[in-house]
Structure formats: structure tokens, C-alpha cells
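File shown here: entry01.txt, holding compact mmCIF, C-alpha atoms.
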# COMPACT_ATOMS: atom_id res chain seq x y z
CA MET A 200 226.95 -64.16 232.31
CA ALA A 201 226.35 -67.80 233.24
CA LEU A 202 227.41 -68.91 236.72
CA ILE A 203 230.43 -71.20 236.73
CA ASP A 204 229.90 -74.05 239.16
CA LEU A 205 231.01 -77.64 239.67
CA LYS A 206 228.37 -78.94 237.28
CA THR A 207 229.49 -76.71 234.43
CA MET A 208 233.05 -77.86 235.18
CA GLY A 209 232.11 -81.46 234.49
CA ILE A 210 231.15 -82.87 237.89
CA SER A 211 227.99 -84.99 238.10
CA ASP A 212 225.08 -84.28 240.43
CA LYS A 213 225.85 -87.53 242.24
CA LEU A 214 229.37 -86.42 243.13
CA ILE A 215 228.29 -82.90 244.02
CA ASP A 216 225.72 -84.25 246.47
CA LEU A 217 228.28 -86.66 247.92
CA SER A 218 230.86 -83.88 248.29
CA GLU A 219 228.40 -81.75 250.28
CA LYS A 220 227.74 -84.66 252.62
CA VAL A 221 231.48 -85.24 253.12
CA GLU A 222 232.22 -81.55 253.70
CA ASP A 223 229.44 -81.24 256.27
CA SER A 224 230.99 -84.12 258.23
CA LEU A 225 234.40 -82.42 258.22
CA ALA A 226 233.46 -79.00 259.61
CA LEU A 227 235.05 -79.60 263.03
CA ARG A 228 238.21 -81.12 261.52
CA PHE A 229 238.63 -78.10 259.26
CA LYS A 230 238.21 -75.76 262.23
CA GLU A 231 241.02 -77.58 264.08
CA ILE A 232 243.25 -77.19 261.03
CA ASP A 233 242.49 -73.46 260.91
CA LYS A 234 243.64 -73.11 264.54
CA LYS A 235 246.91 -74.90 263.81
CA GLU A 236 247.42 -72.74 260.72
CA GLU A 237 247.14 -69.62 262.88
CA VAL A 238 249.78 -70.94 265.30
CA ASN A 239 252.18 -71.71 262.46
CA GLN A 240 251.51 -68.41 260.71
CA LEU A 241 252.46 -66.53 263.87
CA LYS A 242 255.56 -68.71 264.23
CA VAL A 243 256.72 -67.84 260.71
CA LEU A 244 255.92 -64.16 261.22
CA LYS A 245 257.86 -64.03 264.49
CA ALA A 246 260.91 -65.65 262.88
CA MET A 247 260.87 -62.99 260.15
CA GLN A 248 260.41 -60.13 262.61
CA ASP A 249 263.03 -61.41 265.06
CA ASN A 250 265.58 -61.59 262.24
CA ARG A 251 264.69 -58.09 260.99
CA LEU A 252 263.70 -59.08 257.46
CA SER A 253 263.82 -55.96 255.29
CA GLU A 254 263.38 -54.97 251.66
CA GLY A 255 267.13 -54.87 251.28
CA HIS A 256 267.26 -58.64 251.75
CA PHE A 257 265.42 -59.11 248.43
CA ALA A 258 268.41 -57.97 246.35
CA HIS A 259 270.01 -60.74 244.33
CA THR A 260 273.62 -61.77 243.89
CA THR A 261 275.58 -63.35 241.05
CA GLY A 262 278.85 -65.16 240.62
CA TYR A 263 280.29 -66.40 243.90
CA GLY A 264 277.50 -64.82 245.93
CA TYR A 265 279.81 -63.45 248.60
CA ASN A 266 278.15 -61.29 251.27
CA ASP A 267 274.62 -62.23 250.23
CA ILE A 268 272.71 -60.69 253.14
CA GLY A 269 269.38 -62.00 251.86
CA ARG A 270 270.64 -65.58 251.82
CA GLU A 271 272.05 -65.15 255.32
CA CYS A 272 268.79 -63.68 256.64
CA LEU A 273 266.77 -66.49 255.07
CA GLU A 274 268.94 -69.07 256.79
CA ASP A 275 268.66 -67.21 260.09
CA ILE A 276 264.86 -67.28 259.74
CA TYR A 277 264.95 -71.05 259.14
CA LYS A 278 267.17 -71.44 262.23
CA SER A 279 264.57 -69.58 264.28
CA LEU A 280 261.63 -71.42 262.77
CA PHE A 281 263.17 -74.85 263.39
CA ASN A 282 264.90 -73.93 266.65
CA THR A 283 268.32 -75.11 265.44
CA GLU A 284 271.92 -73.94 265.60
CA ALA A 285 272.38 -73.62 261.84
CA ALA A 286 270.59 -73.81 258.50
CA LEU A 287 271.46 -74.35 254.84
CA VAL A 288 268.69 -73.03 252.56
CA ARG A 289 269.77 -72.84 248.94
CA PRO A 290 268.42 -72.74 245.39
CA GLN A 291 271.44 -74.88 244.47
CA ILE A 292 269.69 -77.79 246.23
CA THR A 293 267.53 -79.04 243.38
CA CYS A 294 264.98 -81.20 245.23
CA GLY A 295 264.30 -83.19 248.39
CA THR A 296 266.27 -86.19 247.13
CA HIS A 297 269.27 -83.94 246.50
CA ALA A 298 268.99 -82.42 249.98
CA LEU A 299 268.95 -85.87 251.55
CA ASN A 300 271.95 -86.96 249.50
CA VAL A 301 273.90 -83.87 250.56
CA ALA A 302 273.07 -84.47 254.22
CA LEU A 303 274.03 -88.15 254.13
CA ALA A 304 277.12 -87.91 251.93
CA ALA A 305 278.41 -84.98 254.00
CA ASN A 306 278.21 -86.79 257.32
CA LEU A 307 279.13 -90.38 256.41
CA ARG A 308 282.61 -91.72 255.71
CA PRO A 309 283.96 -95.05 254.42
CA GLY A 310 283.38 -97.73 257.03
CA ASP A 311 280.37 -95.98 258.54
CA GLU A 312 276.91 -97.49 258.53
CA LEU A 313 273.56 -95.88 257.77
CA LEU A 314 270.54 -97.26 259.63
CA SER A 315 266.87 -96.83 258.77
CA PRO A 316 264.77 -97.88 261.79
CA VAL A 317 261.46 -97.26 259.98
CA GLY A 318 261.75 -99.70 257.09
CA LYS A 319 262.82 -99.04 253.53
CA PRO A 320 263.04 -95.35 252.58
CA TYR A 321 261.35 -93.74 249.58
CA ASP A 322 262.24 -95.22 246.17
CA THR A 323 264.55 -92.39 245.08
CA MET A 324 266.79 -93.17 248.06
CA ASP A 325 267.59 -96.64 246.70
CA GLU A 326 270.32 -95.42 244.38
CA ILE A 327 271.70 -92.93 246.90
CA ILE A 328 272.14 -95.70 249.45
CA GLY A 329 273.12 -98.39 246.95
CA ILE A 330 270.11 -100.68 247.45
CA ARG A 331 269.95 -100.47 243.67
CA GLU A 332 273.38 -100.22 242.06
CA SER A 333 274.19 -96.68 240.95
CA ARG A 334 277.23 -94.55 240.26
CA GLY A 335 278.26 -92.46 243.23
CA SER A 336 276.10 -94.28 245.77
CA LEU A 337 277.03 -94.41 249.44
CA LYS A 338 277.70 -98.10 249.00
CA GLU A 339 280.28 -97.32 246.28
CA TYR A 340 282.08 -95.12 248.82
CA GLY A 341 282.21 -97.87 251.44
CA VAL A 342 279.17 -96.91 253.52
CA SER A 343 277.10 -99.92 254.59
CA TYR A 344 273.35 -99.90 255.20
CA ARG A 345 270.87 -101.79 257.25
CA GLN A 346 267.20 -101.32 258.02
CA VAL A 347 264.73 -102.45 260.63
CA ASP A 348 261.28 -103.02 259.22
CA LEU A 349 258.24 -101.77 261.05
CA LEU A 350 256.09 -104.25 262.94
CA PRO A 351 252.94 -105.57 261.23
CA ASP A 352 250.81 -102.91 262.94
CA GLY A 353 253.06 -100.14 261.58
CA SER A 354 254.79 -99.40 264.89
CA ILE A 355 258.55 -99.19 265.42
CA ASP A 356 260.36 -102.40 266.30
CA TYR A 357 262.41 -101.03 269.19
CA ASP A 358 263.96 -104.41 270.00
CA GLY A 359 265.08 -104.70 266.39
CA VAL A 360 266.47 -101.17 266.42
CA LYS A 361 268.46 -101.86 269.58
CA GLU A 362 269.93 -105.00 268.03
CA ALA A 363 270.78 -103.21 264.75
CA ILE A 364 272.73 -100.33 266.31
CA ASN A 365 276.43 -101.12 266.47
CA GLU A 366 279.83 -99.44 266.62
CA LYS A 367 279.65 -98.58 262.89
CA THR A 368 276.27 -96.86 263.10
CA LYS A 369 276.94 -93.21 262.24
CA VAL A 370 273.67 -91.84 260.83
CA VAL A 371 270.11 -92.92 261.60
CA THR A 372 267.70 -91.80 258.87
CA ILE A 373 264.04 -91.40 259.82
CA GLN A 374 261.53 -90.84 257.04
CA ARG A 375 258.53 -89.01 258.44
CA SER A 376 256.14 -89.49 255.52
CA ARG A 377 254.86 -92.75 254.11
CA GLY A 378 256.51 -92.48 250.67
CA TYR A 379 255.24 -95.14 248.28
CA SER A 380 253.96 -97.32 251.12
CA LYS A 381 250.88 -97.53 253.30
CA ARG A 382 252.66 -97.45 256.62
CA PRO A 383 251.54 -94.71 258.99
CA THR A 384 253.21 -91.33 258.75
CA LEU A 385 255.24 -90.69 261.89
CA SER A 386 254.15 -87.99 264.30
CA VAL A 387 256.72 -85.57 265.67
CA GLU A 388 256.11 -87.14 269.08
CA GLU A 389 256.93 -90.63 267.73
CA ILE A 390 260.04 -89.29 266.02
CA GLY A 391 261.18 -87.71 269.29
CA LYS A 392 260.69 -90.96 271.15
CA LEU A 393 262.71 -92.86 268.54
CA ILE A 394 265.54 -90.30 268.59
CA SER A 395 265.74 -90.48 272.40
CA PHE A 396 265.87 -94.29 272.20
CA VAL A 397 268.71 -94.19 269.66
CA LYS A 398 270.68 -91.62 271.65
CA GLU A 399 270.44 -93.69 274.83
CA ILE A 400 272.11 -96.56 273.00
CA LYS A 401 274.60 -94.53 270.93
CA PRO A 402 274.80 -90.88 271.98
CA ASP A 403 277.07 -89.88 269.09
CA ALA A 404 274.74 -91.22 266.38
CA ILE A 405 273.48 -88.50 264.04
CA CYS A 406 269.68 -88.62 263.72
CA MET A 407 268.44 -87.21 260.41
CA VAL A 408 264.74 -86.73 259.62
CA ASP A 409 263.37 -86.64 256.08
CA ASN A 410 260.70 -84.02 256.78
CA CYS A 411 259.23 -83.85 253.26
CA TYR A 412 255.45 -83.25 253.20
CA GLY A 413 255.34 -82.85 256.99
CA GLU A 414 256.40 -79.25 257.57
CA LEU A 415 253.82 -77.05 259.36
CA VAL A 416 251.28 -79.87 259.61
CA ASP A 417 251.95 -80.04 263.35
CA ASP A 418 252.81 -77.00 265.46
CA TYR A 419 256.34 -78.24 266.13
CA GLU A 420 259.01 -79.97 264.05
CA PRO A 421 261.45 -82.91 264.41
CA SER A 422 264.22 -80.44 265.24
CA ASP A 423 262.27 -79.56 268.38
CA VAL A 424 262.52 -83.17 269.61
CA GLY A 425 266.23 -83.83 269.10
CA ALA A 426 266.86 -84.32 265.36
CA ASP A 427 270.47 -83.46 264.47
CA MET A 428 269.39 -82.75 260.89
CA THR A 429 265.95 -82.02 259.45
CA VAL A 430 265.76 -82.06 255.67
CA GLY A 431 263.22 -81.08 253.03
CA SER A 432 262.36 -79.51 249.68
CA LEU A 433 261.20 -75.96 248.97
CA ILE A 434 258.89 -77.06 246.15
CA LYS A 435 256.87 -78.86 248.79
CA ASN A 436 255.37 -77.39 251.96
CA LEU A 437 257.76 -74.61 252.94
CA GLY A 438 257.95 -73.05 249.48
CA GLY A 439 254.28 -72.11 249.72
CA GLY A 440 253.82 -72.69 246.00
CA LEU A 441 256.11 -69.78 245.11
CA ALA A 442 259.64 -71.16 245.55
CA PRO A 443 260.89 -72.04 242.04
CA ILE A 444 263.54 -74.45 243.33
CA GLY A 445 265.52 -75.22 246.47
CA GLY A 446 265.90 -77.32 249.56
CA TYR A 447 266.83 -76.93 253.19
CA ILE A 448 268.87 -78.71 255.84
CA VAL A 449 268.67 -77.44 259.41
CA GLY A 450 270.41 -78.80 262.48
CA THR A 451 273.57 -78.68 264.55
CA ASN A 452 276.49 -76.44 263.62
CA GLU A 453 278.73 -79.45 262.96
CA CYS A 454 276.27 -81.27 260.70
CA ILE A 455 275.35 -78.17 258.69
CA GLU A 456 278.98 -77.15 258.22
CA GLN A 457 279.66 -80.61 256.80
CA CYS A 458 276.65 -80.23 254.50
CA ALA A 459 277.81 -76.84 253.26
CA TYR A 460 281.24 -78.21 252.34
CA ARG A 461 279.57 -81.06 250.48
CA LEU A 462 277.12 -78.80 248.62
CA THR A 463 279.77 -76.32 247.46
CA SER A 464 283.39 -77.26 248.09
CA PRO A 465 285.81 -77.93 250.94
CA GLY A 466 287.17 -74.58 252.03
CA LEU A 467 284.19 -72.64 250.65
CA GLY A 468 281.16 -73.99 252.49
CA LYS A 469 278.33 -71.52 253.18
CA GLU A 470 280.28 -68.47 251.98
CA VAL A 471 279.37 -69.00 248.31
CA GLY A 472 276.17 -69.62 246.40
CA ALA A 473 274.54 -66.79 244.46
CA THR A 474 270.77 -66.49 244.87
CA LEU A 475 270.17 -65.12 241.33
CA GLY A 476 267.04 -63.20 242.28
CA VAL A 477 264.98 -66.01 243.86
CA THR A 478 265.39 -64.92 247.48
CA HIS A 479 262.27 -62.75 247.42
CA THR A 480 260.07 -65.69 246.40
CA LEU A 481 261.68 -67.95 249.01
CA PHE A 482 260.77 -65.43 251.71
CA GLN A 483 257.27 -64.85 250.39
CA GLY A 484 256.65 -68.56 249.81
CA LEU A 485 257.63 -69.30 253.40
CA PHE A 486 255.26 -66.60 254.62
CA ASN A 487 252.41 -68.17 252.60
CA ALA A 488 253.31 -71.73 253.60
CA PRO A 489 251.07 -72.12 256.69
CA SER A 490 247.98 -71.18 254.67
CA VAL A 491 248.95 -73.37 251.72
CA VAL A 492 249.73 -76.37 253.93
CA SER A 493 246.37 -75.91 255.67
CA SER A 494 244.58 -75.97 252.30
CA ALA A 495 246.48 -79.07 251.19
CA LEU A 496 245.69 -80.80 254.47
CA LYS A 497 241.98 -80.07 254.10
CA GLY A 498 242.13 -81.40 250.55
CA ALA A 499 243.73 -84.64 251.71
CA ILE A 500 241.07 -85.16 254.36
CA PHE A 501 238.31 -84.39 251.86
CA ALA A 502 239.85 -86.92 249.45
CA ALA A 503 239.86 -89.57 252.17
CA GLY A 504 236.23 -88.88 253.00
CA LEU A 505 235.05 -88.90 249.39
CA TYR A 506 236.88 -92.05 248.32
CA GLN A 507 235.95 -93.82 251.53
CA GLU A 508 232.29 -93.09 250.68
CA LEU A 509 232.89 -94.48 247.19
CA GLY A 510 234.08 -97.78 248.72
CA TYR A 511 237.85 -97.47 248.30
CA GLU A 512 240.44 -98.27 250.94
CA VAL A 513 242.22 -95.07 251.97
CA PHE A 514 245.37 -94.40 254.03
CA PRO A 515 245.02 -92.66 256.39
CA ARG A 516 241.30 -92.99 256.96
CA VAL A 517 239.23 -89.84 257.14
CA ASP A 518 239.03 -89.83 260.94
CA GLU A 519 242.74 -90.43 261.62
CA VAL A 520 245.09 -87.73 262.91
CA ARG A 521 247.33 -86.36 260.14
CA HIS A 522 251.09 -85.80 260.22
CA ASP A 523 251.68 -85.00 256.54
CA ILE A 524 249.69 -83.82 253.52
CA ILE A 525 249.70 -87.12 251.59
CA GLN A 526 246.57 -89.18 250.96
CA ALA A 527 246.86 -92.71 249.59
CA VAL A 528 244.00 -94.56 247.90
CA ASP A 529 244.09 -98.18 246.72
CA MET A 530 242.65 -97.95 243.20
CA LYS A 531 242.69 -101.77 242.77
CA THR A 532 243.51 -101.73 239.04
CA PRO A 533 246.02 -99.99 236.76
CA GLU A 534 243.05 -98.47 234.93
CA GLY A 535 241.75 -96.98 238.17
CA LEU A 536 245.17 -95.57 239.07
CA CYS A 537 245.56 -93.98 235.64
CA ALA A 538 242.01 -92.59 235.66
CA PHE A 539 242.63 -90.89 239.01
CA CYS A 540 245.78 -89.22 237.74
CA LYS A 541 244.15 -88.20 234.47
CA GLY A 542 241.38 -86.53 236.44
CA ILE A 543 243.88 -84.59 238.55
CA GLN A 544 245.68 -83.46 235.40
CA ALA A 545 242.40 -82.39 233.79
CA ALA A 546 241.71 -80.19 236.85
CA ALA A 547 245.07 -78.40 236.62
CA PRO A 548 245.53 -74.73 235.69
CA VAL A 549 248.58 -75.65 233.60
CA ASP A 550 248.57 -78.36 230.89
CA SER A 551 245.03 -79.45 231.73
CA TYR A 552 244.69 -80.78 228.18
CA VAL A 553 247.66 -83.16 228.59
CA VAL A 554 246.96 -86.85 229.27
CA PRO A 555 249.52 -88.37 231.68
CA GLU A 556 250.87 -91.81 230.86
CA PRO A 557 253.05 -94.22 232.88
CA TRP A 558 256.77 -94.11 232.12
CA ALA A 559 260.12 -95.37 233.41
CA MET A 560 260.93 -92.36 235.58
CA PRO A 561 264.54 -92.08 236.80
CA GLY A 562 265.02 -93.22 240.39
CA TYR A 563 262.08 -95.67 240.50
CA ASP A 564 261.96 -99.46 240.09
CA SER A 565 258.72 -99.58 238.08
CA ASP A 566 256.79 -97.42 235.66
CA VAL A 567 255.21 -94.44 237.40
CA ILE A 568 252.30 -92.24 236.37
CA MET A 569 252.37 -88.64 237.54
CA ALA A 570 249.83 -85.85 237.22
CA ALA A 571 251.12 -82.36 237.92
CA GLY A 572 249.81 -79.42 235.94
CA THR A 573 251.81 -77.06 238.11
CA PHE A 574 253.21 -73.53 237.87
CA ILE A 575 256.50 -74.83 239.30
CA SER A 576 257.59 -77.98 237.49
CA GLY A 577 257.20 -80.99 239.79
CA ALA A 578 256.00 -78.92 242.76
CA SER A 579 254.04 -81.41 244.84
CA ILE A 580 252.67 -78.72 247.16
CA GLU A 581 250.55 -77.88 244.11
CA LEU A 582 247.71 -80.22 243.12
CA SER A 583 249.38 -83.46 242.09
CA ALA A 584 249.04 -87.23 242.18
CA ASP A 585 251.27 -90.14 241.31
CA GLY A 586 251.75 -93.83 241.82
CA PRO A 587 253.80 -96.83 240.70
CA LEU A 588 252.21 -99.25 238.26
CA LYS A 589 252.28 -102.22 240.60
CA GLU A 590 249.79 -103.90 242.88
CA PRO A 591 247.69 -102.78 244.70
CA TYR A 592 247.85 -99.79 242.32
CA THR A 593 247.90 -97.21 245.08
CA VAL A 594 247.69 -93.55 244.12
CA PHE A 595 249.30 -90.87 246.28
CA PHE A 596 247.56 -87.51 246.22
CA GLN A 597 248.95 -84.31 247.69
CA GLY A 598 248.91 -80.55 247.46
CA GLY A 599 246.57 -77.77 246.49
CA LEU A 600 247.48 -74.10 246.76
CA ASN A 601 243.94 -73.40 247.92
CA TYR A 602 241.17 -75.65 249.17
CA GLY A 603 238.76 -74.78 246.36
CA HIS A 604 241.16 -76.12 243.76
CA ALA A 605 242.06 -79.18 245.83
CA LYS A 606 238.38 -80.03 246.22
CA TYR A 607 237.72 -79.64 242.50
CA GLY A 608 240.73 -81.76 241.60
CA ILE A 609 239.59 -84.57 243.88
CA LEU A 610 236.07 -84.46 242.43
CA LYS A 611 237.49 -84.45 238.90
CA SER A 612 239.61 -87.49 239.71
CA ALA A 613 236.54 -89.28 241.08
CA GLN A 614 234.57 -88.34 237.97
CA PHE A 615 237.24 -89.84 235.71
CA VAL A 616 237.37 -92.98 237.87
CA LEU A 617 233.59 -93.47 237.82
CA ASP A 618 233.44 -92.80 234.07
CA SER A 619 236.14 -95.43 233.45
CA ILE A 620 234.29 -98.23 235.21

Target encoding C-alpha cells, full file:
Amino acid sequence: MALIDLKTMGISDKLIDLSEKVEDSLALRFKEIDKKEEVNQLKVLKAMQDNRLSEGHFAHTTGYGYNDIGRECLEDIYKSLFNTEAALVRPQITCGTHALNVALAANLRPGDELLSPVGKPYDTMDEIIGIRESRGSLKEYGVSYRQVDLLPDGSIDYDGVKEAINEKTKVVTIQRSRGYSKRPTLSVEEIGKLISFVKEIKPDAICMVDNCYGELVDDYEPSDVGADMTVGSLIKNLGGGLAPIGGYIVGTNECIEQCAYRLTSPGLGKEVGATLGVTHTLFQGLFNAPSVVSSALKGAIFAAGLYQELGYEVFPRVDEVRHDIIQAVDMKTPEGLCAFCKGIQAAAPVDSYVVPEPWAMPGYDSDVIMAAGTFISGASIELSADGPLKEPYTVFFQGGLNYGHAKYGILKSAQFVLDSI
């Protein structure tokens, strides 16, 4: 039987040689990631043991979902993991955008103001906030919005934040990851400093952190540094590639109770919500998450190193400290952006024969191309890449359930890019 290697999988000798050079230079970085993975794996394990996870918690419920002990145990584990008073972890939360909408809509009332002190949030937040007109937006319900842009060097404009906070400021939303921008991802330490600054000015302000793509990258979370709510998706980091759907909101008792009433109904709150047999995969996905996040992080760093060697501008650069799993690369042309995504799709285990094309995706202000041949539809903890069709044609790469696949996907993307020139 012939040996299957990178060459037989369509990667040129030039790229194989370059990949070996890049990997050799990253040995120490990868070792540091392995150490952090071990810390986070033990943290997840301890949370499961402390909350006495048992086989009985894998049973599913239907209908109202009353007395779902598995759901309750899962939320107790998230409370322990994030060091919070309460947690809402539900398959009824469809995605990260939905989780953020629940958290905001639950804790804002007409006349309140939402403040973003880290510039404009991710594109799908535009219609939630009302930056772009949409039915059911916060703006439609009388919630105003203001933002403070980051300084030219990507740091927080603390003077601007101080000036922006006023008597109407109710929720301060802090997006950890870069989204469709090239600003630096915020470290947990930076987030903690910003939260402390806000609380000194307005102690009753609710600080919410969009934690998407950042979970388990560091060995502590925004909830450990004062966040009132920390929000994310289970088809990203914490689902470990197994969660078929879901999102989480962890934080103070008051905030989470409000969120539960918004997600279900006033008077029902956390008491209802059948798990329909997915609880087992939510537990197992969380257990796998530290390893999967570690693989995705290595893949992102490898992508930065490879594309940097090929002469592309990358964000963050290969030697920068990481606070999420996203790697951005300026592809310079729409053809380059599309070639990158087509290469990622061609490397996928699912729908590898499909050719992605840009389209007017709901929630975005321009055509977007997305590559995601994933086992869970849209799961961006799996190998995926996407980007808006607008200058400078930046592609955003993330995920990889194991490093071997992430590495191959990156090489395949580079092969498609080089072949398209």
C-alpha cells in the first residue's frame, strides 16, 4: 500500500519544505501551548469531579424539560469552570449572536444605553443594536448606543471611555476577539483593567464580555477579572467539536436570571428547556475542549508563520502572544481571498468537492465567502475560513479539531493561492 503523505495530497515540494522550516521555528511556542492545555484540562476535569458528574446525567428530557438533572449539572460545571454565581447553558441558544442578543435584551430596558468601549462590534451585532435598521433591534425598543473607538495603536481610549459613560449607561459590551477587523484581540488582563476602570466610574454598570474564540486560550477567563456576564457559543471553543448546537451565558445571579426569563418566558426562566439527548455531547465536548483549542491555536500560529514567509501581512504576527484562535491574513485581492477559502474547503472531511462562492449572507453588510466543510454545520472550532469581499480582502482562519488537519488545511489554502497567481 502506498504511503499517504502531503505530496500525494496535492502539496508541492516547495510548500512542504517551507512548512518544515516554519514548524521547526515554532517548537518552543508549541511546548508552551501544551503546558497551558494541561492546566485547562485539569480545570475542566476538576469542575466535572467537584459537581459529581455521573452517567445518570446523560439521560435526556422532552417537553418542558422539568427536573433535568443533566442540564442542571452542566450549568453547575460551567459555574465552577468560570468561577461565577450562575450559568445558562442551553441547546435552545442557537449561536453566539443569539447568546449575545439574549444577554443584552434581557438586561437593557427602554431609556438605557449600551456602550462599546472597544470600537464597533462584530458585523452580526449591527442589527441587534440597531446600527443597521432591523426588526426587533435594541434601538427599536428605545435602547441607545454609543461606542468609543480604539486608539490608532489598537489600545483602549480610556479618556474617551470616561467621557462616554453617563447616567444612562447600563451595559458595557466588550468584544474579546477581533471580529472582522485587524485590531488586537484583548487579553484577559486588559479586559480586567477595562472592567475595573468602568466600575470605578459607574459601579452599577453591567460589564458583558463576548468571549467567542477566546475560551481556554488563556488559563483564566473574563469572569475571573470582574465580568458580570461572559458569553459564547458551543459550536466554537467550548463545544470541543462535538456540541451540535448551543450557547452559554455565565455571570451574576441577577444577570443570569434575567437572561433565563428572556430565553424562555417570564415566570418560567431556567426551570424549562428540554435537552433532547444532546447533554452527553455537551459534556464530552467540554472535556475535549482544551485539547481541541490547543490544536486550533497551533494551527493559527502555523498559518501566521507560513503566510508571513510567503510575504503576506498577518494579524497577529507569528511571534505575538495569542488571546484567541483567529488568524487574519491580508490577501490583497478578491481572487486571493477566494483562493484561500477554496483551499480550506478542499481540505475538509465534509463537502471537500464543493467550491465556496461569495454571497449576501444574513447579518453582514457585504458579500462574504465562507469555507466550512464541517461535521457540525457552521462550527468554527472546526477547520474554517471566511472573509468579507471588501478591501483589503482579509481572510479570517480559525479552528482545527487536530493539529494535523489544521496544518494540512493551511498548506492546501497556500497551494490554491500560489496556483491562482

How many Å lie between atom CA of Ala363 of chain A and atom CA of Arg461 of chain A, rounded to one decimal?
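According to the coordinates, atom CA of Ala363 of chain A and atom CA of Arg461 of chain A are separated by 27.8 Å.
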
Using all atoms listed in the file, which residues of segment 447-517 of chain A come within 7 Å of segment 421-433 of chain A, and what is the closest atom pair for each, with the distance in Å to one decimal? Give it as CSV, sorted by chain and residue number.
residue,atom,partner,partner_atom,distance
A:Tyr447,CA,A:Gly431,CA,5.5
A:Ile448,CA,A:Val430,CA,4.6
A:Val449,CA,A:Thr429,CA,5.3
A:Gly450,CA,A:Met428,CA,4.4
A:Thr451,CA,A:Asp427,CA,5.7

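Among A:Cys537, A:Glu399, A:Gly335, A:Tyr552, the residue with the shortest atom-to-atom distance to Met569 of chain A, counting all atoms listed in the file, is A:Cys537.
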
Between A:Ile355, A:Ile210, A:Ile203, A:Val387, which residue has the minimum interatomic distance to Asp523 of chain A, considering only C-alpha atoms?
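Among the listed residues, A:Val387 lies closest to Asp523 of chain A.
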
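Closest approach to Ile455 of chain A from the set A:Leu244, A:Leu313, A:Leu214, A:Val288 is made by A:Val288, with distances taken over all atoms listed in the file.
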
Just how far from atom CA of Ile500 of chain A is atom CA of Pro320 of chain A, in Å to one decimal?
24.3 Å
